[in-house]
$ cat work.txt   # compact mmCIF, C-alpha atoms
# COMPACT_ATOMS: atom_id res chain seq x y z
CA MET A 13 11.77 12.44 3.94
CA SER A 14 14.09 14.96 2.36
CA GLY A 15 13.85 16.83 -0.91
CA LYS A 16 10.88 18.56 -2.49
CA LYS A 17 7.59 18.38 -0.59
CA PRO A 18 4.57 17.09 -2.57
CA ASP A 19 1.85 19.60 -3.44
CA ALA A 20 -0.64 19.55 -0.55
CA GLY A 21 -3.46 20.62 -2.88
CA ALA A 22 -2.92 17.84 -5.41
CA PRO A 23 -4.62 14.41 -5.29
CA ALA A 24 -2.61 11.88 -3.31
CA VAL A 25 -2.41 9.81 -6.48
CA GLN A 26 -3.61 10.44 -10.01
CA ALA A 27 -3.42 8.31 -13.16
CA ARG A 28 -4.22 9.39 -16.71
CA GLY A 29 -4.40 7.08 -19.70
CA LEU A 30 -2.57 4.35 -17.82
CA ALA A 31 -1.85 1.28 -19.95
CA ARG A 32 0.35 -1.75 -19.33
CA THR A 33 1.18 -4.59 -21.70
CA PHE A 34 3.35 -7.64 -21.14
CA PRO A 35 5.21 -9.80 -23.69
CA SER A 36 3.41 -12.98 -24.72
CA PRO A 37 5.12 -16.35 -25.44
CA ASP A 38 4.40 -16.00 -29.17
CA GLY A 39 6.38 -12.77 -29.39
CA GLY A 40 3.37 -10.47 -29.23
CA PHE A 41 1.96 -8.46 -26.35
CA ILE A 42 -0.82 -9.02 -23.82
CA PRO A 43 -2.72 -5.83 -22.91
CA VAL A 44 -3.56 -5.85 -19.19
CA LEU A 45 -4.57 -2.22 -18.58
CA ARG A 46 -6.11 -0.04 -21.29
CA GLY A 47 -6.15 3.69 -20.52
CA ILE A 48 -6.99 3.92 -16.80
CA ASP A 49 -7.98 7.30 -15.34
CA LEU A 50 -8.13 7.62 -11.56
CA ALA A 51 -7.69 10.31 -8.91
CA VAL A 52 -7.75 9.71 -5.15
CA ALA A 53 -7.66 12.65 -2.74
CA ALA A 54 -6.53 12.77 0.87
CA GLY A 55 -9.08 11.09 3.12
CA ASP A 56 -10.70 9.24 0.20
CA SER A 57 -10.94 5.45 0.07
CA VAL A 58 -11.27 3.40 -3.10
CA ALA A 59 -11.73 -0.36 -3.39
CA ILE A 60 -10.81 -2.03 -6.67
CA VAL A 61 -12.51 -5.36 -7.36
CA GLY A 62 -12.56 -7.67 -10.34
CA PRO A 63 -11.81 -11.21 -11.50
CA SER A 64 -8.47 -12.86 -10.83
CA GLY A 65 -5.92 -11.97 -13.46
CA SER A 66 -7.68 -8.73 -14.41
CA GLY A 67 -4.65 -6.60 -13.53
CA LYS A 68 -5.62 -5.28 -10.10
CA SER A 69 -2.17 -5.84 -8.58
CA THR A 70 -0.53 -4.49 -11.73
CA LEU A 71 -2.53 -1.27 -11.34
CA LEU A 72 -1.57 -0.96 -7.68
CA HIS A 73 2.11 -1.41 -8.54
CA LEU A 74 1.87 1.34 -11.14
CA LEU A 75 0.12 3.70 -8.70
CA GLY A 76 2.86 3.08 -6.14
CA ALA A 77 5.68 3.57 -8.67
CA LEU A 78 6.84 -0.04 -8.25
CA ASP A 79 6.41 -0.52 -12.01
CA ARG A 80 6.37 1.72 -15.09
CA PRO A 81 3.38 1.97 -17.42
CA THR A 82 3.62 1.17 -21.11
CA ARG A 83 1.63 4.32 -21.75
CA GLY A 84 0.13 7.08 -19.61
CA ASP A 85 1.26 8.85 -16.47
CA VAL A 86 1.05 8.68 -12.69
CA TRP A 87 1.34 11.62 -10.29
CA LEU A 88 2.12 11.18 -6.60
CA GLY A 89 1.29 14.29 -4.63
CA GLY A 90 1.42 16.31 -7.83
CA GLU A 91 4.82 14.97 -8.90
CA LYS A 92 4.91 13.25 -12.28
CA VAL A 93 6.56 9.89 -11.70
CA SER A 94 7.99 9.58 -15.21
CA GLU A 95 9.99 12.80 -14.71
CA LEU A 96 11.63 11.75 -11.45
CA GLY A 97 15.10 10.35 -10.94
CA GLN A 98 15.71 7.13 -9.03
CA GLU A 99 16.66 8.89 -5.79
CA ARG A 100 13.48 10.96 -5.68
CA LEU A 101 11.39 7.94 -6.68
CA ALA A 102 12.86 5.97 -3.78
CA GLU A 103 12.06 8.86 -1.43
CA LEU A 104 8.44 8.96 -2.58
CA ARG A 105 7.98 5.20 -2.33
CA ASN A 106 9.34 5.19 1.21
CA GLY A 107 7.84 8.39 2.58
CA PHE A 108 4.74 9.20 0.52
CA VAL A 109 3.33 5.70 -0.04
CA GLY A 110 2.59 3.00 2.52
CA PHE A 111 2.27 -0.52 1.13
CA VAL A 112 0.31 -3.42 2.66
CA PHE A 113 0.59 -6.65 0.71
CA GLN A 114 -1.28 -9.96 0.91
CA PHE A 115 1.86 -11.51 2.36
CA HIS A 116 3.19 -9.27 5.10
CA HIS A 117 6.84 -9.34 3.85
CA LEU A 118 8.21 -8.69 7.33
CA MET A 119 11.95 -9.09 7.90
CA ARG A 120 12.05 -12.42 9.70
CA ASP A 121 15.21 -11.68 11.73
CA PHE A 122 13.89 -8.32 12.96
CA THR A 123 11.49 -7.79 15.85
CA ALA A 124 8.06 -6.26 15.29
CA LEU A 125 9.42 -2.95 16.58
CA GLU A 126 12.42 -3.07 14.25
CA ASN A 127 10.23 -3.91 11.26
CA VAL A 128 8.03 -0.88 11.91
CA MET A 129 11.10 1.32 12.45
CA LEU A 130 12.59 0.51 9.04
CA PRO A 131 10.80 3.09 6.84
CA ARG A 132 11.76 5.93 9.17
CA LEU A 133 15.36 4.76 9.43
CA ILE A 134 15.54 4.60 5.63
CA ALA A 135 14.18 8.16 5.53
CA GLY A 136 17.03 9.27 7.78
CA SER A 137 15.24 9.65 11.11
CA PRO A 138 17.31 9.22 14.29
CA ARG A 139 17.02 5.72 15.73
CA GLU A 140 15.41 6.90 18.97
CA GLU A 141 12.75 8.89 17.10
CA ALA A 142 12.05 5.92 14.80
CA ALA A 143 11.70 3.61 17.81
CA ASP A 144 9.29 6.00 19.56
CA ARG A 145 7.12 6.26 16.43
CA ALA A 146 7.15 2.48 15.93
CA ALA A 147 6.22 1.83 19.55
CA ALA A 148 3.30 4.27 19.31
CA LEU A 149 2.01 2.59 16.14
CA LEU A 150 2.31 -0.90 17.63
CA GLU A 151 0.28 0.31 20.59
CA GLN A 152 -2.37 1.68 18.21
CA VAL A 153 -2.65 -1.69 16.45
CA GLY A 154 -2.84 -3.54 19.79
CA LEU A 155 0.60 -5.10 19.69
CA ALA A 156 2.57 -3.14 22.28
CA ASP A 157 3.21 -6.39 24.16
CA ARG A 158 4.57 -8.05 21.00
CA ALA A 159 7.14 -5.37 20.13
CA SER A 160 10.12 -7.62 20.90
CA HIS A 161 8.68 -10.66 19.08
CA ARG A 162 10.03 -11.78 15.71
CA PRO A 163 7.50 -12.68 12.98
CA ARG A 164 7.71 -16.43 13.61
CA ARG A 165 6.31 -15.84 17.11
CA LEU A 166 3.32 -13.87 15.79
CA SER A 167 0.06 -15.18 14.36
CA GLY A 168 -0.90 -14.37 10.76
CA GLY A 169 -3.27 -11.65 11.91
CA GLU A 170 -0.63 -10.15 14.20
CA GLN A 171 1.92 -10.12 11.38
CA GLN A 172 -0.51 -8.23 9.15
CA ARG A 173 -1.16 -5.73 11.93
CA VAL A 174 2.59 -5.16 12.13
CA ALA A 175 2.59 -4.67 8.35
CA VAL A 176 -0.17 -2.03 8.66
CA ALA A 177 1.83 -0.24 11.37
CA ARG A 178 4.94 -0.35 9.17
CA ALA A 179 2.97 1.09 6.22
CA LEU A 180 2.04 4.07 8.40
CA ALA A 181 5.49 4.62 9.90
CA ASN A 182 6.22 7.73 7.83
CA ALA A 183 2.61 9.02 8.06
CA PRO A 184 2.22 8.56 4.27
CA PRO A 185 -0.48 10.52 2.44
CA LEU A 186 -1.29 7.38 0.41
CA VAL A 187 -1.78 3.76 1.51
CA LEU A 188 -1.97 0.99 -1.10
CA ALA A 189 -3.24 -2.40 0.10
CA ASP A 190 -3.22 -5.55 -2.05
CA GLU A 191 -5.56 -8.26 -0.70
CA PRO A 192 -4.46 -7.38 2.86
CA SER A 193 -6.64 -10.05 4.49
CA GLY A 194 -6.38 -12.70 1.78
CA ASN A 195 -4.58 -15.25 3.99
CA LEU A 196 -6.44 -14.71 7.28
CA ASP A 197 -9.30 -16.54 8.93
CA ALA A 198 -12.72 -14.88 9.24
CA GLU A 199 -12.19 -13.40 12.71
CA ALA A 200 -8.71 -12.03 11.92
CA THR A 201 -10.03 -10.66 8.61
CA LEU A 202 -12.74 -8.57 10.27
CA ARG A 203 -10.28 -7.32 12.87
CA LEU A 204 -7.80 -6.28 10.19
CA HIS A 205 -10.50 -4.50 8.16
CA ASP A 206 -11.57 -2.57 11.27
CA LEU A 207 -7.96 -1.68 11.97
CA LEU A 208 -7.16 -0.59 8.42
CA PHE A 209 -10.01 1.91 8.18
CA GLU A 210 -9.56 3.09 11.77
CA MET A 211 -5.90 3.84 11.07
CA ILE A 212 -6.64 5.54 7.74
CA ASP A 213 -9.28 7.74 9.41
CA ARG A 214 -6.90 8.58 12.24
CA HIS A 215 -3.99 9.50 9.97
CA GLY A 216 -6.02 11.15 7.18
CA ALA A 217 -4.41 9.19 4.37
CA ALA A 218 -5.90 8.24 1.02
CA LEU A 219 -6.51 4.50 0.60
CA VAL A 220 -6.60 2.32 -2.50
CA VAL A 221 -7.30 -1.33 -1.70
CA VAL A 222 -7.44 -4.27 -4.08
CA THR A 223 -9.69 -7.00 -2.71
CA HIS A 224 -11.95 -9.94 -3.41
CA SER A 225 -13.70 -9.31 -0.09
CA ARG A 226 -17.17 -7.80 -0.47
CA GLU A 227 -17.10 -6.80 3.19
CA LEU A 228 -13.86 -4.85 2.81
CA ALA A 229 -14.91 -3.27 -0.50
CA GLY A 230 -18.19 -2.19 1.07
CA ARG A 231 -16.35 -0.05 3.61
CA ALA A 232 -14.69 2.09 0.95
CA ALA A 233 -16.20 5.40 -0.15
CA ARG A 234 -15.95 4.26 -3.78
CA VAL A 235 -15.90 0.82 -5.39
CA LEU A 236 -14.47 0.39 -8.88
CA ARG A 237 -14.41 -2.80 -10.95
CA LEU A 238 -11.43 -3.60 -13.14
CA GLU A 239 -12.39 -5.76 -16.11
CA GLY A 240 -11.08 -5.96 -19.65
CA GLY A 241 -8.33 -3.53 -18.72
CA GLU A 242 -10.78 -0.74 -17.83
CA LEU A 243 -12.27 0.66 -14.60
CA PHE A 244 -16.02 0.86 -14.08
CA VAL A 245 -17.98 2.38 -11.20
CA VAL A 246 -19.85 -0.28 -9.22

$ encode --input "work.txt" --output "structure tokens"
Amino acid sequence: MSGKKPDAGAPAVQARGLARTFPSPDGGFIPVLRGIDLAVAAGDSVAIVGPSGSGKSTLLHLLGALDRPTRGDVWLGGEKVSELGQERLAELRNGFVGFVFQFHHLMRDFTALENVMLPRLIAGSPREEAADRAAALLEQVGLADRASHRPRRLSGGEQQRVAVARALANAPPLVLADEPSGNLDAEATLRLHDLLFEMIDRHGAALVVVTHSRELAGRAARVLRLEGGELFVV
């Protein structure tokens, strides 16, 4: 990743007074988040739980600079998101933040190796270096023998493991995971949870995970509940 380096002493992600409203059909506004404060340091893990529709995914999108708040601010590595241009924002999203979604969002015409290579190629790494990094990550997630397989030839659990490897391709200081095991069976779910925390520990990243899984939430250092647009310590 080129450009300014994030402040190593700053939290991986910080939010102050974060609010988000959406237009309602009657011409008014629906408040989803109401003044969220949150700071997550390197090596910290936070699980966010709460009822469906409470705004958990909305919060994650704001923390990852995929959406803009109605009010309040987000800092990524000490950089204030609202003050950044589109080029720098794109750099941060690709190099500073690793995303794992409920649906893996793999490129269906690319192999597992090529999918994991993408973030590094976007960041400008040479193709050989990106391939070496991707191969190492696929080995770490137990998929070295599936590197040449396209998503349709992988199970749901294998696809999510590829997605975790892709999220870590640029060694991001922050990983955001949105219901990462929501579509997996019980065995694949436990395997993915083991993998996610093993990889976070190994790479020293901060983790914020949105989940309905009590088992996954219980592994985090902190559990916060989002309800009524506000965060509460569980």

$ closest_atom_pairs --input "work.txt" --of "stretch 162-229 of chain A" --to "stretch 51-62 of chain A" --cutoff "6 Å" --atoms "all atoms listed in the file" --output "JSON lines"
{"residue": "A:Gly216", "atom": "CA", "partner": "A:Gly55", "partner_atom": "CA", "distance": 5.1}
{"residue": "A:Ala217", "atom": "CA", "partner": "A:Gly55", "partner_atom": "CA", "distance": 5.2}
{"residue": "A:Ala218", "atom": "CA", "partner": "A:Ala54", "partner_atom": "CA", "distance": 4.6}
{"residue": "A:Leu219", "atom": "CA", "partner": "A:Ser57", "partner_atom": "CA", "distance": 4.6}
{"residue": "A:Val220", "atom": "CA", "partner": "A:Val58", "partner_atom": "CA", "distance": 4.8}
{"residue": "A:Val221", "atom": "CA", "partner": "A:Ala59", "partner_atom": "CA", "distance": 4.8}
{"residue": "A:Val222", "atom": "CA", "partner": "A:Ile60", "partner_atom": "CA", "distance": 4.8}
{"residue": "A:Thr223", "atom": "CA", "partner": "A:Val61", "partner_atom": "CA", "distance": 5.7}
{"residue": "A:Ala229", "atom": "CA", "partner": "A:Ala59", "partner_atom": "CA", "distance": 5.2}

$ closest_residue --input "work.txt" --among "A:Leu101, A:Leu166, A:Val93, A:Ile48" --to "A:Ala124" --atoms "all atoms listed in the file"
A:Leu166

$ closest_residue --input "work.txt" --among "A:Ala181, A:Ile42, A:Ala22, A:Val112" --to "A:Arg145" --atoms "all atoms listed in the file"
A:Ala181

$ closest_residue --input "work.txt" --among "A:Ile212, A:Leu118, A:Leu238, A:Ala156" --to "A:Leu188" --atoms "only C-alpha atoms"
A:Ile212

$ atom_distance --input "work.txt" --atom1 "atom CA of A:Arg158" --atom2 "atom CA of A:Arg132"
19.7 Å

$ closest_residue --input "work.txt" --among "A:Met129, A:Leu104, A:Leu202, A:Ala143" --to "A:Val174" --atoms "only C-alpha atoms"
A:Met129

$ atom_distance --input "work.txt" --atom1 "atom CA of A:Pro35" --atom2 "atom CA of A:Gly84"
18.1 Å

$ axis_aligned_box --input "work.txt" --around "stretch 205-214 of chain A" --padding-each-side "8 Å" --output "lines of an AutoDock Vina configuration file"
center_x = -8.7
center_y = 2.0
center_z = 10.0
size_x = 21.7
size_y = 29.1
size_z = 20.5

$ closest_residue --input "work.txt" --among "A:Leu125, A:His116, A:Gly39, A:Ala233" --to "A:Asn195" --atoms "only C-alpha atoms"
A:His116
